[in-house]
file coords-v1.csv (CSV, C-alpha atoms)
chain,number,residue,atom,x,y,z
A,1,MET,CA,-39.8,21.9,107.0
A,2,ASN,CA,-36.6,21.4,105.0
A,3,LYS,CA,-33.4,23.1,106.3
A,4,ALA,CA,-32.7,26.3,104.3
A,5,ARG,CA,-29.6,26.3,102.2
A,6,LEU,CA,-28.5,29.6,100.8
A,7,ARG,CA,-26.4,29.1,97.7
A,8,VAL,CA,-26.6,32.6,96.2
A,9,PRO,CA,-23.3,34.5,95.6
A,10,GLY,CA,-24.2,36.9,98.4
A,11,PRO,CA,-25.4,37.4,101.0
A,12,THR,CA,-23.7,34.2,102.1
A,13,GLU,CA,-24.3,32.1,105.2
A,14,VAL,CA,-22.8,33.3,108.5
A,15,PRO,CA,-20.9,31.1,111.0
A,16,GLU,CA,-22.6,30.7,114.4
A,17,ARG,CA,-19.6,32.2,116.2
A,18,VAL,CA,-19.9,35.3,114.1
A,19,LEU,CA,-23.6,35.6,114.6
A,20,SER,CA,-23.2,35.3,118.3
A,21,LYS,CA,-20.9,38.4,118.3
A,22,MET,CA,-23.7,40.5,116.8
A,23,ALA,CA,-25.8,39.9,119.9
A,24,PHE,CA,-23.2,41.7,122.1
A,25,PRO,CA,-24.7,44.8,123.9
A,26,MET,CA,-24.3,48.2,122.3
A,27,ILE,CA,-21.4,50.3,123.4
A,28,ASN,CA,-20.5,54.0,123.0
A,29,HIS,CA,-19.1,54.4,119.5
A,30,ARG,CA,-17.0,57.3,120.8
A,31,GLY,CA,-15.7,55.5,123.8
A,32,ASP,CA,-12.4,53.6,124.4
A,33,GLU,CA,-13.9,50.1,124.0
A,34,PHE,CA,-15.1,50.9,120.5
A,35,ARG,CA,-11.8,52.7,119.6
A,36,ASN,CA,-9.7,49.7,120.6
A,37,LEU,CA,-12.0,47.4,118.6
A,38,TYR,CA,-12.1,49.6,115.5
A,39,LEU,CA,-8.4,50.2,115.4
A,40,LYS,CA,-7.8,46.4,115.7
A,41,VAL,CA,-10.1,45.4,112.8
A,42,CYS,CA,-8.9,48.2,110.5
A,43,SER,CA,-5.4,46.9,111.0
A,44,GLU,CA,-6.1,43.2,110.8
A,45,ILE,CA,-8.3,43.5,107.6
A,46,LYS,CA,-5.1,44.4,105.7
A,47,TYR,CA,-4.1,40.7,105.8
A,48,VAL,CA,-7.1,39.9,103.6
A,49,PHE,CA,-6.3,42.7,101.2
A,50,GLN,CA,-2.6,41.7,101.2
A,51,THR,CA,-1.6,45.3,101.7
A,52,GLU,CA,0.1,47.8,103.9
A,53,ASN,CA,-2.0,50.6,102.5
A,54,ASP,CA,-4.9,52.3,104.4
A,55,VAL,CA,-8.0,50.2,104.5
A,56,LEU,CA,-11.2,52.2,105.4
A,57,ILE,CA,-14.5,50.8,106.4
A,58,PHE,CA,-17.9,52.4,105.6
A,59,PRO,CA,-21.4,51.3,106.7
A,60,SER,CA,-22.6,50.5,103.2
A,61,ALA,CA,-23.2,47.9,100.6
A,62,GLY,CA,-20.4,47.2,98.0
A,63,THR,CA,-22.0,49.7,95.7
A,64,GLY,CA,-21.2,52.4,98.3
A,65,VAL,CA,-17.5,51.8,98.2
A,66,MET,CA,-17.6,51.5,94.4
A,67,GLU,CA,-19.0,55.1,94.5
A,68,ALA,CA,-16.3,56.1,96.9
A,69,ALA,CA,-13.7,54.7,94.5
A,70,ILE,CA,-15.0,57.1,91.8
A,71,SER,CA,-15.9,60.3,93.8
A,72,ASN,CA,-12.7,60.5,95.8
A,73,PHE,CA,-10.1,60.3,93.0
A,74,PHE,CA,-11.4,62.0,89.9
A,75,SER,CA,-12.9,65.2,88.6
A,76,PRO,CA,-15.8,65.7,86.2
A,77,GLY,CA,-14.6,65.2,82.6
A,78,ASP,CA,-11.8,62.9,83.5
A,79,LEU,CA,-11.4,60.0,81.1
A,80,ILE,CA,-12.0,56.6,82.8
A,81,VAL,CA,-11.8,53.4,80.9
A,82,SER,CA,-14.2,50.7,82.1
A,83,PHE,CA,-13.4,47.1,81.1
A,84,GLN,CA,-16.6,45.2,81.4
A,85,CYS,CA,-17.8,41.6,81.0
A,86,GLY,CA,-21.0,41.7,83.0
A,87,VAL,CA,-23.6,43.6,85.0
A,88,PHE,CA,-21.3,44.7,87.9
A,89,GLY,CA,-18.6,46.0,85.5
A,90,GLU,CA,-21.4,48.0,83.9
A,91,ARG,CA,-22.5,49.3,87.3
A,92,PHE,CA,-19.1,50.7,88.0
A,93,ALA,CA,-19.2,52.6,84.7
A,94,GLU,CA,-22.7,53.9,85.5
A,95,ILE,CA,-21.5,55.3,88.8
A,96,ALA,CA,-18.6,57.1,87.1
A,97,LYS,CA,-21.0,58.6,84.5
A,98,ALA,CA,-23.3,59.8,87.3
A,99,TYR,CA,-20.4,61.8,88.7
A,100,GLY,CA,-19.6,63.4,85.4
A,101,ALA,CA,-16.6,61.3,84.3
A,102,ASN,CA,-16.0,60.8,80.6
A,103,VAL,CA,-16.4,57.0,80.6
A,104,GLU,CA,-15.1,54.8,77.7
A,105,VAL,CA,-16.5,51.3,77.8
A,106,ILE,CA,-14.6,48.3,76.4
A,107,LYS,CA,-16.7,45.1,76.6
A,108,ALA,CA,-16.1,41.4,76.5
A,109,GLU,CA,-19.0,39.2,75.6
A,110,TYR,CA,-20.9,37.9,78.6
A,111,GLY,CA,-19.2,34.6,79.7
A,112,MET,CA,-15.9,35.8,78.4
A,113,PRO,CA,-13.1,37.5,80.4
A,114,ILE,CA,-11.2,40.7,79.8
A,115,THR,CA,-7.9,39.9,78.1
A,116,LYS,CA,-4.5,41.4,78.4
A,117,GLU,CA,-4.6,42.1,74.7
A,118,MET,CA,-7.7,44.3,75.1
A,119,VAL,CA,-6.0,46.3,77.8
A,120,ARG,CA,-2.6,46.5,76.0
A,121,ASP,CA,-4.3,47.7,72.8
A,122,ARG,CA,-6.1,50.5,74.5
A,123,ILE,CA,-3.1,51.6,76.6
A,124,LYS,CA,-0.9,51.8,73.5
A,125,LYS,CA,-3.3,54.4,72.0
A,126,ASP,CA,-3.1,56.7,75.0
A,127,LYS,CA,0.1,58.5,73.9
A,128,ASN,CA,-0.7,61.6,75.9
A,129,TYR,CA,-1.8,59.8,79.1
A,130,GLU,CA,-5.3,61.1,78.9
A,131,ILE,CA,-6.7,58.1,80.8
A,132,LYS,CA,-7.0,58.9,84.5
A,133,GLY,CA,-8.5,55.7,85.8
A,134,ILE,CA,-9.0,52.1,84.7
A,135,LEU,CA,-11.8,50.0,86.2
A,136,PHE,CA,-11.6,46.2,86.5
A,137,THR,CA,-13.9,43.6,88.0
A,138,GLN,CA,-11.9,40.7,89.4
A,139,ASN,CA,-14.9,38.4,89.8
A,140,GLU,CA,-17.9,39.1,87.6
A,141,THR,CA,-20.7,37.8,89.8
A,142,SER,CA,-23.3,38.1,87.1
A,143,THR,CA,-21.6,35.6,84.8
A,144,GLY,CA,-19.2,33.6,86.9
A,145,VAL,CA,-16.1,34.9,85.1
A,146,LEU,CA,-12.8,35.4,86.9
A,147,ASN,CA,-10.6,38.1,85.4
A,148,ASP,CA,-6.8,37.7,85.7
A,149,ILE,CA,-6.0,41.0,87.5
A,150,LYS,CA,-2.3,40.3,87.8
A,151,ALA,CA,-2.0,39.8,84.0
A,152,LEU,CA,-4.3,42.8,83.3
A,153,LYS,CA,-2.2,45.1,85.6
A,154,GLU,CA,0.9,43.9,83.8
A,155,ALA,CA,-0.7,44.8,80.5
A,156,VAL,CA,-1.2,48.4,81.8
A,157,GLY,CA,2.5,48.6,82.3
A,158,ASP,CA,3.8,51.9,83.7
A,159,HIS,CA,0.8,54.0,82.5
A,160,PRO,CA,0.0,56.5,85.3
A,161,ALA,CA,-3.7,55.9,85.4
A,162,LEU,CA,-5.2,54.7,88.7
A,163,ILE,CA,-6.0,51.0,88.7
A,164,ILE,CA,-9.3,50.3,90.6
A,165,VAL,CA,-10.5,46.8,91.2
A,166,ASP,CA,-13.9,45.6,92.3
A,167,ALA,CA,-13.1,42.6,94.4
A,168,ILE,CA,-16.5,42.4,96.1
A,169,SER,CA,-17.2,38.7,95.3
A,170,SER,CA,-13.6,37.6,95.3
A,171,LEU,CA,-11.5,39.2,98.1
A,172,GLY,CA,-10.8,36.6,100.8
A,173,ALA,CA,-11.6,33.7,98.4
A,174,VAL,CA,-9.4,34.4,95.4
A,175,GLU,CA,-5.8,35.5,95.2
A,176,LEU,CA,-5.4,39.3,95.1
A,177,LYS,CA,-2.1,40.7,96.1
A,178,THR,CA,-2.9,44.4,96.3
A,179,ASP,CA,0.6,45.7,97.0
A,180,GLU,CA,2.6,43.2,95.0
A,181,TRP,CA,0.5,43.7,91.9
A,182,GLY,CA,0.4,47.4,92.3
A,183,ILE,CA,-3.3,47.9,92.6
A,184,ASP,CA,-4.2,51.5,93.7
A,185,VAL,CA,-7.8,51.0,94.9
A,186,VAL,CA,-9.6,47.7,95.9
A,187,VAL,CA,-13.2,47.6,97.0
A,188,SER,CA,-15.0,44.8,98.7
A,189,SER,CA,-17.9,44.2,101.1
A,190,SER,CA,-19.0,42.2,104.1
A,191,GLN,CA,-21.6,39.8,102.8
A,192,LYS,CA,-19.3,37.6,100.6
A,193,ALA,CA,-16.1,35.9,101.6
A,194,PHE,CA,-16.0,37.8,104.8
A,195,MET,CA,-18.9,35.6,106.1
A,196,LEU,CA,-20.9,38.6,107.5
A,197,PRO,CA,-24.3,40.0,106.9
A,198,PRO,CA,-24.5,42.9,104.4
A,199,GLY,CA,-23.7,46.4,105.7
A,200,LEU,CA,-20.0,47.0,105.6
A,201,GLY,CA,-18.0,48.3,102.6
A,202,PHE,CA,-14.2,48.1,102.5
A,203,ILE,CA,-11.7,50.2,100.4
A,204,SER,CA,-7.9,50.1,100.3
A,205,ILE,CA,-6.1,53.2,99.1
A,206,SER,CA,-2.5,53.4,97.8
A,207,GLU,CA,-0.2,56.4,98.2
A,208,LYS,CA,-0.7,57.2,94.5
A,209,ALA,CA,-4.5,57.2,95.1
A,210,TRP,CA,-4.2,59.5,98.1
A,211,LYS,CA,-2.3,62.0,95.9
A,212,ALA,CA,-5.1,61.8,93.3
A,213,TYR,CA,-7.5,62.6,96.1
A,214,GLU,CA,-5.9,66.0,96.6
A,215,TYR,CA,-6.8,67.0,93.0
A,216,SER,CA,-10.3,65.4,92.9
A,217,LYS,CA,-13.2,67.8,92.3
A,218,MET,CA,-16.1,65.4,92.3
A,219,PRO,CA,-18.6,66.0,95.2
A,220,LYS,CA,-18.2,63.8,98.2
A,221,TYR,CA,-19.5,63.9,101.8
A,222,TYR,CA,-20.6,60.6,103.5
A,223,PHE,CA,-18.0,58.6,101.5
A,224,ASP,CA,-15.2,61.2,101.9
A,225,ILE,CA,-12.1,59.1,102.5
A,226,LYS,CA,-10.1,61.9,104.0
A,227,LYS,CA,-12.7,62.3,106.7
A,228,ALA,CA,-12.7,58.6,107.3
A,229,LYS,CA,-8.9,58.5,107.6
A,230,ASN,CA,-8.7,61.5,109.9
A,231,THR,CA,-11.2,60.0,112.3
A,232,LEU,CA,-9.6,56.5,112.0
A,233,GLN,CA,-6.4,57.9,113.5
A,234,LYS,CA,-8.5,58.6,116.6
A,235,GLY,CA,-10.1,55.1,116.5
A,236,GLU,CA,-13.4,56.6,115.4
A,237,THR,CA,-15.7,56.9,112.3
A,238,PRO,CA,-16.9,60.2,110.8
A,239,TYR,CA,-20.6,59.2,111.4
A,240,THR,CA,-22.4,56.4,113.4
A,241,PRO,CA,-20.8,53.0,112.7
A,242,PHE,CA,-22.5,49.7,112.4
A,243,VAL,CA,-21.3,48.5,115.9
A,244,SER,CA,-22.7,45.0,115.7
A,245,LEU,CA,-21.1,44.3,112.4
A,246,ILE,CA,-17.7,45.6,113.7
A,247,TYR,CA,-18.0,43.0,116.5
A,248,ALA,CA,-18.8,40.4,113.9
A,249,LEU,CA,-15.9,41.5,111.6
A,250,GLU,CA,-13.5,41.0,114.5
A,251,GLU,CA,-14.6,37.3,114.7
A,252,SER,CA,-14.6,36.7,111.0
A,253,LEU,CA,-11.1,38.0,110.6
A,254,LYS,CA,-10.1,35.7,113.5
A,255,ILE,CA,-11.6,32.7,111.6
A,256,ILE,CA,-9.8,33.8,108.3
A,257,LYS,CA,-6.5,34.1,110.1
A,258,GLU,CA,-6.9,30.7,111.9
A,259,GLU,CA,-7.6,28.9,108.6
A,260,GLY,CA,-5.0,30.9,106.6
A,261,LEU,CA,-5.7,32.9,103.5
A,262,GLU,CA,-3.8,30.5,101.2
A,263,ASN,CA,-5.8,27.5,102.5
A,264,ILE,CA,-9.1,29.4,102.1
A,265,ILE,CA,-8.2,30.3,98.5
A,266,ARG,CA,-7.2,26.7,97.8
A,267,LYS,CA,-10.5,25.4,99.3
A,268,HIS,CA,-12.6,27.7,97.1
A,269,LYS,CA,-10.9,26.5,94.0
A,270,LYS,CA,-11.3,22.8,94.9
A,271,ILE,CA,-15.0,23.3,95.7
A,272,SER,CA,-15.6,25.1,92.4
A,273,GLU,CA,-13.8,22.4,90.4
A,274,ALA,CA,-15.8,19.7,92.1
A,275,LEU,CA,-19.1,21.5,91.5
A,276,ARG,CA,-18.3,22.0,87.8
A,277,ALA,CA,-17.4,18.3,87.5
A,278,GLY,CA,-20.7,17.3,89.1
A,279,ILE,CA,-22.7,19.6,86.9
A,280,LYS,CA,-21.1,18.3,83.7
A,281,ALA,CA,-21.8,14.7,84.8
A,282,ILE,CA,-25.5,15.3,84.9
A,283,LYS,CA,-25.6,16.8,81.4
A,284,LEU,CA,-25.8,20.4,82.5
A,285,LYS,CA,-23.5,23.0,80.9
A,286,PRO,CA,-21.5,25.6,82.8
A,287,PHE,CA,-21.9,29.0,81.2
A,288,VAL,CA,-18.1,29.8,81.5
A,289,LYS,CA,-15.2,27.7,80.4
A,290,ASP,CA,-12.9,26.1,83.0
A,291,ASP,CA,-10.0,28.3,82.1
A,292,TYR,CA,-11.5,31.5,83.6
A,293,ALA,CA,-14.3,30.1,85.8
A,294,SER,CA,-14.9,31.9,89.1
A,295,PRO,CA,-14.0,30.0,92.3
A,296,THR,CA,-16.9,31.7,94.1
A,297,VAL,CA,-19.9,31.5,91.8
A,298,THR,CA,-20.8,29.1,89.1
A,299,ALA,CA,-23.2,30.0,86.3
A,300,VAL,CA,-25.1,27.1,84.8
A,301,GLU,CA,-27.1,27.2,81.5
A,302,ILE,CA,-30.7,26.3,82.0
A,303,PRO,CA,-32.1,24.1,79.1
A,304,GLU,CA,-35.6,24.9,78.0
A,305,GLU,CA,-36.9,21.5,79.3
A,306,TYR,CA,-35.7,22.5,82.8
A,307,LYS,CA,-36.7,26.1,82.8
A,308,ASP,CA,-38.2,25.7,86.3
A,309,LEU,CA,-35.1,24.2,87.7
A,310,THR,CA,-34.4,27.1,90.2
A,311,LYS,CA,-38.0,27.0,91.4
A,312,THR,CA,-37.8,23.2,91.9
A,313,LEU,CA,-34.6,23.6,94.0
A,314,LYS,CA,-36.4,26.1,96.2
A,315,ASN,CA,-39.8,24.5,96.5
A,316,LYS,CA,-38.8,20.9,96.9
A,317,PHE,CA,-35.4,21.2,98.6
A,318,ASN,CA,-35.3,24.7,100.1
A,319,ILE,CA,-32.1,25.4,98.2
A,320,THR,CA,-31.9,29.0,97.0
A,321,VAL,CA,-29.7,29.8,94.0
A,322,ALA,CA,-29.6,33.0,92.0
A,323,GLY,CA,-31.0,33.6,88.6
A,324,GLY,CA,-29.5,35.4,85.7
A,325,GLN,CA,-29.3,39.2,85.4
A,326,GLY,CA,-30.1,41.5,82.5
A,327,SER,CA,-29.9,39.7,79.2
A,328,LEU,CA,-29.2,36.4,81.0
A,329,LYS,CA,-32.4,36.4,83.0
A,330,GLY,CA,-34.1,33.0,82.6
A,331,LYS,CA,-31.1,31.6,80.8
A,332,ILE,CA,-28.7,30.8,83.6
A,333,MET,CA,-28.7,30.0,87.3
A,334,ARG,CA,-25.9,31.1,89.6
A,335,ILE,CA,-24.7,28.8,92.4
A,336,GLY,CA,-22.7,30.6,95.1
A,337,HIS,CA,-19.9,28.8,96.9
A,338,LEU,CA,-18.0,31.4,98.9
A,339,GLY,CA,-17.3,32.3,102.5
A,340,TYR,CA,-18.8,29.9,105.0
A,341,VAL,CA,-19.1,26.9,102.7
A,342,ASP,CA,-17.6,23.4,102.4
A,343,PHE,CA,-17.6,20.5,100.0
A,344,LEU,CA,-20.7,18.8,101.6
A,345,ASP,CA,-22.7,22.0,100.9
A,346,ILE,CA,-21.9,21.4,97.2
A,347,ILE,CA,-22.8,17.7,97.3
A,348,ALA,CA,-26.3,18.8,98.6
A,349,VAL,CA,-26.8,21.0,95.6
A,350,ILE,CA,-25.7,18.4,93.1
A,351,SER,CA,-27.9,15.8,94.7
A,352,ALA,CA,-30.9,18.1,94.6
A,353,LEU,CA,-30.1,18.9,90.9
A,354,GLU,CA,-30.1,15.2,90.1
A,355,MET,CA,-33.5,14.7,91.6
A,356,ALA,CA,-34.9,17.9,90.2
A,357,ILE,CA,-33.9,16.8,86.7
A,358,GLY,CA,-35.6,13.5,87.5
A,359,ASP,CA,-33.6,11.2,85.2
A,360,GLU,CA,-32.8,8.1,87.3
A,361,LYS,CA,-30.0,7.2,84.9
A,362,LEU,CA,-28.2,10.3,86.2
A,363,PHE,CA,-28.7,9.6,89.9
A,364,GLY,CA,-25.4,9.5,91.7
A,365,LYS,CA,-23.3,10.5,88.6
A,366,GLY,CA,-22.9,14.1,89.6
A,367,ILE,CA,-22.0,13.2,93.2
A,368,LYS,CA,-19.5,10.6,92.0
A,369,ALA,CA,-17.8,13.0,89.6
A,370,ALA,CA,-17.7,15.8,92.2
A,371,GLU,CA,-16.2,13.4,94.8
A,372,LYS,CA,-13.6,12.1,92.4
A,373,LYS,CA,-12.6,15.7,91.4
A,374,TYR,CA,-12.5,16.8,95.0
A,375,LEU,CA,-10.2,14.0,96.1
A,376,GLU,CA,-7.6,14.7,93.4
A,377,GLY,CA,-4.5,15.5,95.3
A,378,GLY,CA,-5.9,14.5,98.7
A,379,ILE,CA,-8.4,16.0,101.0

call {"tool": "encode", "arguments": {"input": "coords-v1.csv", "output": "structure tokens"}}
result
Amino acid sequence: MNKARLRVPGPTEVPERVLSKMAFPMINHRGDEFRNLYLKVCSEIKYVFQTENDVLIFPSAGTGVMEAAISNFFSPGDLIVSFQCGVFGERFAEIAKAYGANVEVIKAEYGMPITKEMVRDRIKKDKNYEIKGILFTQNETSTGVLNDIKALKEAVGDHPALIIVDAISSLGAVELKTDEWGIDVVVSSSQKAFMLPPGLGFISISEKAWKAYEYSKMPKYYFDIKKAKNTLQKGETPYTPFVSLIYALEESLKIIKEEGLENIIRKHKKISEALRAGIKAIKLKPFVKDDYASPTVTAVEIPEEYKDLTKTLKNKFNITVAGGQGSLKGKIMRIGHLGYVDFLDIIAVISALEMAIGDEKLFGKGIKAAEKKYLEGGI
């Protein structure tokens, strides 16, 4: 049996020392032991968000905290502008519509980023400040596009709308300076760069966003951030927490702090660039240009002659990559490289791709190109 290699953009592989913490015995989630643990992780996670704002933790997938980012700050009929370049940007808008918001969609073509010109043009038209919220996706997992959140926030200028960022597949692997850039709400989740199993959703909330909460009339209960904040002050959660994952989060935050966030961000960028170099060397085409390519997931176009490429990777080499979503189904494969990943994991994927393509003239070319790119500037 071949060793399984999970190269999807989430859930990601989990370090052994994190997994071992999940085997700890259950404790009373209303007792002192849990209180101390929970207060610790809710404080330490701010380092990853690069914020002094409140960061709340919910037992949920990323979609849960995306929902919280809508229901807690707006009222039915509020105008929310959704900037989209893929499936997950579209999902954010769908959630807002489900809660009765007046959602205006501004789309970039799949494979292209949101530009500051798109944002600036829309903001200029809002003379009466009717826009209450602006939705951005930092890393569009469905296409492998990285949006420049810093530039997009600057394009918004001093407009009073809340800036809400989906950083689910980027936070902890891509630079996102919540406070310095003035982002009001950031959402993320456990199964990506945090190197945990699925099950925890994270949301950071600025003072401006807390003020918006006081006027929000959308329904909320389980994902009510005020309930979560009030109980956090006592070291508790409103409802039963995922105790095992909180143990695991403590360990993953320790690993992140040991390696250093800047080093982790740099590592993801190097691995991404090496993978892209290897892919190009074996005559495959990345779906996204280098200028706005994601450091955490790489989308690769699938030529008609290699339409079974993802199946071959799985069946012959036990490497699991993700397929395309929506209109991109069957047209691209997505290789995840975030969280608990290193350069040799990428070499394994490139080697398998060379063999799956089957052209002996290409054998070793992808690996050589990746190694050369990775070694630029030293290890």

call {"tool": "residues_around", "arguments": {"input": "coords-v1.csv", "residues": "A:Pro11", "least_positions_apart": "3", "cutoff": "10 Å", "atoms": "only C-alpha atoms", "output": "ChimeraX atom specification"}}
result
/A:6-8,14,190-193,195-198,336,338-339

call {"tool": "atom_distance", "arguments": {"input": "coords-v1.csv", "atom1": "atom CA of A:Lys285", "atom2": "atom CA of A:Met333"}}
result
10.8 Å

call {"tool": "closest_residue", "arguments": {"input": "coords-v1.csv", "among": "A:Asp148, A:Arg5, A:Glu52, A:Ala369", "to": "A:Ala352", "atoms": "only C-alpha atoms"}}
result
A:Arg5

call {"tool": "closest_residue", "arguments": {"input": "coords-v1.csv", "among": "A:Val156, A:Gly62, A:Ala167, A:Val243", "to": "A:Asp121", "atoms": "all atoms listed in the file"}}
result
A:Val156

call {"tool": "atom_distance", "arguments": {"input": "coords-v1.csv", "atom1": "atom CA of A:Ile106", "atom2": "atom CA of A:Met118"}}
result
8.1 Å

call {"tool": "closest_residue", "arguments": {"input": "coords-v1.csv", "among": "A:Phe242, A:Tyr38, A:Trp210, A:Phe58", "to": "A:Val187", "atoms": "all atoms listed in the file"}}
result
A:Phe58

call {"tool": "residues_around", "arguments": {"input": "coords-v1.csv", "residues": "A:Glu262", "least_positions_apart": "6", "cutoff": "9 Å", "atoms": "only C-alpha atoms", "output": "list in words"}}
result
Ala173, Val174 and Glu175 of chain A

call {"tool": "closest_residue", "arguments": {"input": "coords-v1.csv", "among": "A:Ala209, A:Ala322, A:Ile45, A:Ile163", "to": "A:Gly10", "atoms": "all atoms listed in the file"}}
result
A:Ala322

call {"tool": "atom_distance", "arguments": {"input": "coords-v1.csv", "atom1": "atom CA of A:Leu232", "atom2": "atom CA of A:Tyr340"}}
result
29.0 Å

call {"tool": "decode", "arguments": {"input": "coords-v1.csv", "residues": "stretch 174-196 of chain A", "atoms": "C-alpha atoms", "output": "compact mmCIF listing (two decimals), in the first residue's frame"}}
result
# COMPACT_ATOMS: atom_id res chain seq x y z
CA VAL A 174 -0.11 34.63 3.62
CA GLU A 175 0.54 38.12 4.96
CA LEU A 176 -2.60 39.65 6.44
CA LYS A 177 -2.09 42.53 8.85
CA THR A 178 -5.58 42.95 10.25
CA ASP A 179 -4.97 46.02 12.40
CA GLU A 180 -2.37 47.76 10.25
CA TRP A 181 -4.51 47.46 7.12
CA GLY A 182 -7.72 48.39 8.92
CA ILE A 183 -9.73 45.23 8.28
CA ASP A 184 -12.90 45.15 10.36
CA VAL A 185 -13.75 41.45 10.24
CA VAL A 186 -11.54 38.50 9.26
CA VAL A 187 -12.75 34.89 9.16
CA SER A 188 -10.71 31.71 9.00
CA SER A 189 -10.91 28.07 10.03
CA SER A 190 -8.90 25.25 11.51
CA GLN A 191 -8.34 22.83 8.61
CA LYS A 192 -6.03 25.01 6.53
CA ALA A 193 -2.81 26.73 7.64
CA PHE A 194 -3.64 26.12 11.29
CA MET A 195 -2.75 22.44 10.68
CA LEU A 196 -5.82 21.08 12.47
